[in-house]
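model.cif (mmCIF, C-alpha atoms and all ligand atoms)
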```cif
data_entry
#
loop_
_atom_site.label_atom_id
_atom_site.label_comp_id
_atom_site.auth_asym_id
_atom_site.auth_seq_id
_atom_site.Cartn_x
_atom_site.Cartn_y
_atom_site.Cartn_z
CA MET R 114 91.87 86.03 92.44
CA SER R 115 92.36 89.76 92.58
CA ALA R 116 95.27 91.92 91.51
CA VAL R 117 98.20 92.66 93.81
CA LEU R 118 100.80 95.39 93.95
CA ARG R 119 104.17 93.89 94.85
CA VAL R 120 106.46 96.40 96.49
CA ASP R 121 110.15 95.61 96.77
CA LEU R 122 111.38 97.43 99.87
CA ASP R 123 115.00 96.45 99.29
CA ARG R 124 114.89 98.25 95.97
CA PHE R 125 113.25 101.15 97.76
CA ALA R 126 116.14 101.22 100.25
CA ALA R 127 118.62 101.20 97.36
CA ASN R 128 116.79 104.13 95.74
CA LEU R 129 116.86 106.03 99.04
CA ALA R 130 120.60 105.50 99.27
CA ARG R 131 121.05 106.65 95.68
CA VAL R 132 118.92 109.79 96.17
CA ARG R 133 120.64 110.68 99.43
CA GLY R 134 124.03 110.24 97.80
CA ALA R 135 123.03 112.38 94.84
CA VAL R 136 121.74 115.33 96.88
CA ALA R 137 124.26 115.34 99.75
CA PRO R 138 125.09 117.40 101.69
CA ALA R 139 121.45 118.46 101.38
CA GLU R 140 119.16 116.19 103.33
CA LEU R 141 116.36 114.08 101.89
CA MET R 142 112.76 114.65 102.86
CA LEU R 143 110.88 111.61 101.61
CA VAL R 144 107.52 112.73 100.21
CA VAL R 145 104.71 110.27 100.96
CA LYS R 146 101.57 111.99 99.70
CA ASP R 147 98.78 109.91 98.12
CA ASP R 148 99.49 106.87 100.27
CA ALA R 149 103.19 107.02 99.44
CA TYR R 150 102.43 107.36 95.72
CA GLY R 151 100.19 104.32 95.95
CA HIS R 152 102.81 102.05 97.53
CA GLY R 153 101.18 101.98 100.97
CA LEU R 154 102.15 104.55 103.61
CA ASP R 155 102.96 102.41 106.64
CA GLY R 156 105.33 99.94 104.99
CA ILE R 157 107.14 102.71 103.15
CA VAL R 158 107.73 105.01 106.11
CA ARG R 159 108.80 102.13 108.37
CA ARG R 160 111.47 101.08 105.93
CA ALA R 161 112.54 104.68 105.36
CA GLN R 162 113.04 105.11 109.09
CA ARG R 163 115.10 101.93 109.23
CA GLU R 164 117.26 103.35 106.46
CA GLY R 165 117.87 106.47 108.51
CA VAL R 166 115.61 108.93 106.72
CA ARG R 167 114.92 111.74 109.17
CA TRP R 168 112.38 113.85 107.30
CA ILE R 169 109.02 112.75 105.93
CA GLY R 170 106.97 115.06 103.70
CA ALA R 171 103.39 114.19 104.49
CA PHE R 172 101.32 116.69 102.48
CA ASP R 173 98.18 116.87 104.64
CA VAL R 174 97.85 116.88 108.41
CA ALA R 175 95.99 113.57 108.59
CA THR R 176 98.88 111.84 106.82
CA GLY R 177 101.35 113.63 109.08
CA CYS R 178 99.52 112.40 112.18
CA ARG R 179 99.46 108.88 110.80
CA VAL R 180 103.21 108.94 110.18
CA ARG R 181 103.72 110.18 113.74
CA GLU R 182 101.66 107.24 115.01
CA VAL R 183 103.61 104.73 112.96
CA LEU R 184 107.13 106.09 113.51
CA GLY R 185 106.98 107.78 116.90
CA ASP R 186 108.79 110.96 117.85
CA ASP R 187 112.15 110.25 116.30
CA VAL R 188 111.41 111.78 112.90
CA ARG R 189 110.58 115.21 111.54
CA ILE R 190 107.30 115.31 109.67
CA PHE R 191 106.48 118.18 107.35
CA SER R 192 102.86 118.83 106.40
CA TRP R 193 102.07 121.70 104.09
CA ILE R 194 98.34 121.52 103.68
CA ALA R 195 96.47 122.61 106.78
CA ALA R 196 93.09 123.90 105.77
CA SER R 197 91.44 124.81 109.05
CA ARG R 198 92.02 125.84 112.62
CA ALA R 199 91.12 122.30 113.70
CA GLU R 200 93.88 120.90 111.51
CA ALA R 201 96.32 123.43 112.91
CA ALA R 202 95.45 122.13 116.38
CA GLN R 203 96.06 118.53 115.29
CA ALA R 204 99.39 119.47 113.77
CA VAL R 205 100.46 121.24 116.96
CA ALA R 206 99.45 118.25 119.07
CA ALA R 207 101.31 115.79 116.84
CA GLY R 208 104.46 117.93 116.81
CA LEU R 209 104.46 118.32 113.03
CA ASP R 210 106.55 120.86 111.17
CA LEU R 211 103.96 122.92 109.35
CA GLY R 212 104.27 124.65 106.01
CA VAL R 213 102.49 127.99 106.27
CA GLY R 214 101.76 130.06 103.19
CA ASP R 215 98.87 132.11 104.42
CA ALA R 216 98.61 134.93 107.01
CA GLU R 217 95.42 133.59 108.52
CA LEU R 218 96.86 130.13 109.00
CA LEU R 219 99.90 131.67 110.66
CA GLU R 220 97.61 133.25 113.26
CA ASP R 221 95.69 129.99 113.72
CA VAL R 222 98.84 127.96 114.26
CA ALA R 223 100.21 130.53 116.70
CA ALA R 224 96.93 130.59 118.64
CA GLU R 225 96.77 126.81 118.83
CA ALA R 226 100.42 126.53 119.87
CA ARG R 227 99.90 129.18 122.54
CA ALA R 228 96.82 127.38 123.84
CA ALA R 229 98.70 124.08 123.98
CA GLY R 230 101.77 125.62 125.59
CA ALA R 231 103.77 124.35 122.61
CA VAL R 232 106.40 125.83 120.33
CA THR R 233 105.39 124.80 116.84
CA ARG R 234 107.96 124.66 114.07
CA VAL R 235 106.84 126.40 110.92
CA HIS R 236 108.27 126.73 107.41
CA LEU R 237 107.06 129.88 105.68
CA LYS R 238 106.08 129.51 102.06
CA ILE R 239 106.76 132.15 99.45
CA ASP R 240 104.81 131.90 96.20
CA THR R 241 107.49 131.83 93.53
CA GLY R 242 105.08 131.59 90.62
CA LEU R 243 103.07 128.38 90.86
CA HIS R 244 100.17 130.16 92.59
CA ARG R 245 99.17 127.01 94.46
CA ASN R 246 99.46 128.49 97.85
CA GLY R 247 102.15 130.61 99.39
CA VAL R 248 102.48 134.23 100.30
CA ARG R 249 102.77 136.57 97.33
CA PRO R 250 106.03 138.54 97.11
CA GLU R 251 104.20 141.83 97.69
CA ASP R 252 102.85 140.54 101.03
CA TRP R 253 105.99 138.75 102.13
CA ALA R 254 107.66 141.53 104.17
CA ARG R 255 104.55 142.03 106.30
CA PHE R 256 104.08 138.27 106.67
CA THR R 257 107.64 137.60 107.81
CA ALA R 258 107.55 140.56 110.21
CA ARG R 259 104.44 139.11 111.81
CA ALA R 260 106.04 135.66 111.97
CA ALA R 261 109.06 137.18 113.71
CA GLN R 262 106.76 138.83 116.22
CA LEU R 263 104.98 135.54 116.96
CA ALA R 264 108.32 133.75 117.21
CA GLY R 265 109.37 136.40 119.74
CA GLU R 266 106.29 135.56 121.79
CA GLY R 267 107.56 132.01 121.96
CA CYS R 268 104.75 130.02 120.33
CA LEU R 269 106.37 129.57 116.91
CA ASP R 270 109.82 128.60 115.79
CA VAL R 271 110.39 129.66 112.20
CA VAL R 272 112.78 126.94 111.13
CA GLY R 273 112.33 127.02 107.37
CA ILE R 274 111.52 128.95 104.23
CA TRP R 275 110.31 127.00 101.23
CA SER R 276 108.56 127.05 97.91
CA HIS R 277 107.64 124.69 95.11
CA ILE R 278 108.71 124.99 91.48
CA ALA R 279 107.28 123.68 88.24
CA GLU R 280 110.43 121.85 87.08
CA ALA R 281 109.12 122.30 83.56
CA SER R 282 111.67 124.76 82.21
CA ASP R 283 115.04 125.92 83.52
CA GLU R 284 114.19 129.58 82.84
CA GLU R 285 111.04 129.51 84.94
CA ASP R 286 112.79 127.61 87.70
CA ASP R 287 115.64 130.14 87.68
CA ALA R 288 113.16 132.99 87.99
CA ALA R 289 111.48 131.18 90.89
CA ARG R 290 114.82 130.68 92.58
CA ALA R 291 115.67 134.38 92.32
CA LEU R 292 112.36 135.20 94.03
CA PHE R 293 113.09 132.57 96.65
CA ASP R 294 116.52 133.98 97.46
CA ALA R 295 115.08 137.48 97.75
CA ALA R 296 112.41 136.16 100.10
CA VAL R 297 115.03 134.53 102.32
CA THR R 298 116.90 137.84 102.52
CA THR R 299 113.71 139.65 103.48
CA ALA R 300 112.97 137.05 106.16
CA ARG R 301 116.44 137.49 107.63
CA GLU R 302 115.98 141.26 107.65
CA ALA R 303 112.79 140.67 109.62
CA GLY R 304 114.92 138.99 112.27
CA LEU R 305 114.23 135.37 111.36
CA SER R 306 117.01 132.82 111.08
CA PRO R 307 115.62 129.84 109.20
CA THR R 308 118.02 126.92 108.88
CA MET R 309 116.00 124.72 106.55
CA LEU R 310 115.65 126.21 103.07
CA HIS R 311 113.93 123.95 100.56
CA LEU R 312 112.78 124.42 97.01
CA SER R 313 113.20 121.34 94.84
CA ALA R 314 111.49 118.02 94.18
CA SER R 315 112.89 115.00 92.31
CA ALA R 316 113.92 116.46 88.97
CA ALA R 317 115.66 119.66 90.09
CA SER R 318 117.25 117.89 93.06
CA PHE R 319 119.13 115.65 90.67
CA ALA R 320 119.75 117.94 87.75
CA ARG R 321 120.38 121.29 89.42
CA PRO R 322 122.68 121.34 92.45
CA GLU R 323 121.99 125.03 93.15
CA PHE R 324 118.36 124.17 93.90
CA ARG R 325 119.16 121.81 96.77
CA TYR R 326 119.75 124.24 99.64
CA ASP R 327 119.40 122.36 102.98
CA LEU R 328 116.66 119.90 102.20
CA VAL R 329 115.13 118.36 99.08
CA ARG R 330 111.57 117.08 98.98
CA VAL R 331 111.70 113.95 96.85
CA GLY R 332 108.91 111.53 96.13
CA ALA R 333 108.96 110.09 92.62
CA PHE R 334 112.63 109.12 92.32
CA CYS R 335 112.60 107.34 95.70
CA TYR R 336 109.90 105.06 94.30
CA GLY R 337 111.83 104.65 91.07
CA ILE R 338 109.34 106.71 89.09
CA ARG R 339 111.32 108.67 86.54
CA SER R 340 109.98 111.90 85.01
CA ALA R 341 108.00 111.41 81.80
CA GLY R 342 110.16 112.55 78.91
CA GLY R 343 113.15 112.89 81.27
CA PRO R 344 116.29 110.83 81.89
CA GLY R 345 115.91 107.05 82.17
CA GLU R 346 116.19 104.93 85.30
CA GLU R 347 119.69 103.85 84.37
CA HIS R 348 120.90 107.40 84.11
CA LEU R 349 119.22 108.32 87.39
CA GLY R 350 120.44 105.22 89.18
CA VAL R 351 117.03 104.37 90.61
CA ARG R 352 114.71 101.46 89.82
CA PRO R 353 110.92 101.07 90.00
CA ILE R 354 109.91 99.38 93.24
CA ALA R 355 106.39 98.23 92.42
CA ALA R 356 104.89 95.65 90.10
CA LEU R 357 101.16 95.54 89.41
CA GLU R 358 100.08 91.96 88.78
CA ALA R 359 96.70 90.71 87.70
CA HIS R 360 95.33 87.28 86.99
CA VAL R 361 93.61 86.01 83.91
CA THR R 362 89.95 85.34 84.62
CA ALA R 363 88.82 83.96 81.26
CA VAL R 364 90.28 83.16 77.85
CA ASP R 365 88.79 83.01 74.38
CA VAL R 366 90.17 82.81 70.86
CA ASP R 367 91.72 86.21 70.71
CA GLY R 368 92.40 87.27 74.23
CA ALA R 369 92.57 86.81 77.97
CA SER R 370 90.46 88.88 80.36
CA ILE R 371 92.20 90.18 83.44
CA ASP R 372 90.94 91.48 86.76
CA ILE R 373 92.72 94.56 88.06
CA GLY R 374 90.77 94.90 91.23
CA PRO R 375 87.42 96.05 92.48
CA LEU R 376 87.80 99.66 91.36
CA ASP R 377 89.66 99.35 88.14
CA GLY R 378 92.36 101.96 88.68
CA LEU R 379 94.02 102.12 85.29
CA PRO R 380 93.18 104.74 82.67
CA SER R 381 91.13 103.05 79.94
CA THR R 382 93.10 105.04 77.34
CA LEU R 383 95.99 102.61 77.89
CA ALA R 384 94.13 100.01 75.83
CA GLY R 385 95.78 99.58 72.44
CA ARG R 386 98.80 101.66 73.43
CA VAL R 387 100.98 99.46 75.65
CA THR R 388 102.11 95.89 76.12
CA VAL R 389 102.11 93.95 79.36
CA GLY R 390 104.17 91.00 80.54
CA THR R 391 102.60 87.54 80.16
CA PRO R 392 103.93 84.00 80.52
CA GLY R 393 104.12 84.03 76.69
CA GLY R 394 106.07 87.31 76.51
CA PRO R 395 104.88 90.88 75.93
CA ARG R 396 101.30 91.18 74.68
CA ALA R 397 99.09 94.11 73.75
CA LEU R 398 96.68 95.45 76.34
CA LYS R 399 93.18 95.75 74.87
CA ALA R 400 89.88 97.17 76.03
CA SER R 401 86.99 94.96 77.08
CA GLY R 402 83.82 96.69 78.18
CA SER R 403 84.61 98.18 81.55
CA GLY R 404 87.95 96.37 81.96
CA PHE R 405 90.97 95.09 80.08
CA ARG R 406 91.99 92.12 78.00
CA VAL R 407 95.38 90.98 76.85
CA ALA R 408 96.22 89.63 73.40
CA ARG R 409 96.43 85.83 73.46
CA TRP R 410 99.52 83.73 73.96
CA PRO R 411 99.61 80.01 73.15
CA ASP R 412 98.81 78.39 76.47
CA ALA R 413 96.88 81.27 78.05
CA ALA R 414 94.65 79.94 80.79
CA PRO R 415 92.64 81.31 83.69
CA GLY R 416 94.81 82.00 86.70
CA ALA R 417 97.89 82.95 84.65
CA LEU R 418 99.75 85.97 85.90
CA VAL R 419 99.96 89.17 83.87
CA ARG R 420 102.34 91.94 84.87
CA ILE R 421 100.81 95.28 83.96
CA TYR R 422 103.96 97.15 84.93
CA GLY R 423 106.96 96.77 87.13
CA PRO R 424 110.05 94.66 87.50
CA GLY R 425 109.96 91.01 86.58
CA ASP R 426 110.36 88.74 83.60
CA GLY R 427 107.99 88.71 80.66
CA GLY R 428 108.46 92.07 78.99
CA GLU R 429 107.63 94.56 81.67
CA SER R 430 107.15 98.29 81.44
CA SER R 431 107.44 100.86 84.20
CA ALA R 432 104.59 103.06 85.42
CA THR R 433 106.23 105.92 83.52
CA ASP R 434 106.39 103.87 80.30
CA LEU R 435 102.64 103.39 80.55
CA ALA R 436 102.15 107.05 81.38
CA GLU R 437 104.13 108.20 78.38
CA ALA R 438 101.91 106.14 76.10
CA ILE R 439 98.95 108.28 77.13
CA GLY R 440 100.68 111.62 77.66
CA THR R 441 100.73 111.71 81.44
CA ILE R 442 103.22 111.16 84.28
CA GLY R 443 104.19 107.96 86.11
CA GLU R 444 102.73 109.19 89.40
CA GLU R 445 99.32 109.31 87.76
CA ILE R 446 99.49 105.58 87.01
CA ALA R 447 100.95 104.69 90.43
CA VAL R 448 98.39 106.54 92.53
CA ARG R 449 95.42 105.22 90.59
CA VAL R 450 95.91 101.63 91.67
CA SER R 451 92.86 100.95 93.80
CA PRO R 452 93.45 101.11 97.55
CA LEU R 453 91.56 97.80 97.65
CA VAL R 454 94.35 96.07 95.74
CA PRO R 455 96.56 94.50 98.41
CA ARG R 456 100.11 95.79 98.72
CA ILE R 457 102.48 92.89 99.26
CA TYR R 458 105.92 93.80 100.53
CA SER R 459 109.19 92.00 100.13
CA GLY R 460 112.13 93.01 102.28
CA GLU R 461 109.98 94.16 105.20
C1 LIG Z 1 104.71 116.11 95.44
C2 LIG Z 1 105.60 117.16 95.97
C3 LIG Z 1 106.98 116.97 96.03
C4 LIG Z 1 107.67 115.74 95.47
O1 LIG Z 1 107.66 115.76 94.07
P1 LIG Z 1 108.37 114.58 93.23
O2 LIG Z 1 108.46 115.13 91.87
O3 LIG Z 1 107.49 113.40 93.36
O4 LIG Z 1 109.69 114.35 93.84
C5 LIG Z 1 107.76 117.96 96.60
N1 LIG Z 1 107.20 119.08 97.09
C6 LIG Z 1 105.87 119.30 97.05
C7 LIG Z 1 105.34 120.57 97.60
C8 LIG Z 1 105.03 118.36 96.49
O5 LIG Z 1 103.71 118.58 96.43
#
```
Give the structure from the file, written as structure tokens.
Amino acid sequence: MSAVLRVDLDRFAANLARVRGAVAPAELMLVVKDDAYGHGLDGIVRRAQREGVRWIGAFDVATGCRVREVLGDDVRIFSWIAASRAEAAQAVAAGLDLGVGDAELLEDVAAEARAAGAVTRVHLKIDTGLHRNGVRPEDWARFTARAAQLAGEGCLDVVGIWSHIAEASDEEDDAARALFDAAVTTAREAGLSPTMLHLSASAASFARPEFRYDLVRVGAFCYGIRSAGGPGEEHLGVRPIAALEAHVTAVDVDGASIDIGPLDGLPSTLAGRVTVGTPGGPRALKASGSGFRVARWPDAAPGALVRIYGPGDGGESSATDLAEAIGTIGEEIAVRVSPLVPRIYSGE
């Protein structure tokens, strides 16, 4: 019997309500990159739509197109990684909102929109210091002037200006925000009138109201994944929505072997550093060759259920608890669960 990831969609809905309440009047864009942080894209976006979420942040164009297929036309889908002219064409055809942080991509999107007879909505990205992608401040005036020209030709609608911040220190984030505000002013001077300004992800959306603008792009907190080293779930008012369960495959005097799926997706460094939930209470996770074992409990037997993380009885931890034990972030644990491990939804 293989591992399963149990995803509680009612908890997810409660988290969505909490996040939307916390950031209002800014609107929530639910970020679903990496297969909805490992929770399974289709089930997550369907429930989000039912809960009234109107913006999905899809990262790449393929994910954006998939969300369009699953949810239909009644939702705005933002993709911010388009790497080629072919992807620009797909984004135009699927009616995605595209994040554009590169002059060449701007031309490609405009050309594809023109060819398709479409008006494609774009959100221009200013690089406020992360240097991931985005137009550098020194190139921004020329970039926005060109965008205004293309908008005037009718193939693009510049609906948004955005950037991404590190959320590692308030000082850096403040500096990024000053650059962002200046970029918005420059864009307006170029004749653009963007109505969707967005800058923050989970942490800043909650902690720093002035970073919310019109839209917040939130992934982690919607899935109940708190920031490592940051405020706890109780303080945030969100709860983890996924539990990773594995079954005992064999038992000997000092431990029970567990099977976490065909491509073992947990960092091996967790061994010796965390406990997991067992029918006998919390037990240490130990290494065993290529996989994991769990310290014995009295009536351990093959088939018994072990909860690696997530809600439930038996001494559970969250993905972020595990992450903190090895100096990483909860997302890193969540997205490493093998795609071959079935996602089982409750509340669908
Ligand atoms: C991943 C991502 C987010 C969401 O971040 P969380 O911390 O998970 O809320 C927002 N914006 C961009 C550009 C991202 O890549």
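Nearest to ligand LIG 1 (chain Z) of all the residues R:Tyr150, R:Trp253, R:Phe324, R:Tyr458 is R:Tyr150, based on only C-alpha atoms and all ligand atoms.
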message = I want to know what sits within 9 Å of Val132 in chain R, based on only C-alpha atoms, with residues of the same chain fewer than 6 positions away left out; could you give that as an MDAnalysis selection string?
response = chainID R and resid 141 315 318:319 331 334:335 349:351
Which residues sit within 8 Å of ligand LIG 1 (chain Z), counting only C-alpha atoms and all ligand atoms, listed as JSON, numbers by chain?
-> {"R": [144, 146, 170, 172, 193, 276, 277, 312, 313, 314, 315, 316, 329, 330, 331, 332, 333, 334, 335, 340, 444]}
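Minimum atom-to-atom distance to Val387 in chain R, evaluated using all atoms listed in the file, belongs to R:Asp434 out of R:Asp221, R:Glu200, R:Asp365, R:Asp434.
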For Gly247 in chain R, the closest of R:Val448, R:Ile190, R:Ile274, R:Arg227 counting all atoms listed in the file is R:Ile274
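By all atoms listed in the file, and with residues fewer than 6 positions from Ala296 in chain R along its chain excluded, the set lying at most 10 Å from it is Leu237, Lys238, Ile239, Asp240, Thr241, Pro250, Trp253, Ala254, Thr257, Ile274, Trp275, Arg290 and Glu302 of chain R.
Of note, CA of Val117 in chain R and CA of Ile457 in chain R are spaced 6.9 Å apart.
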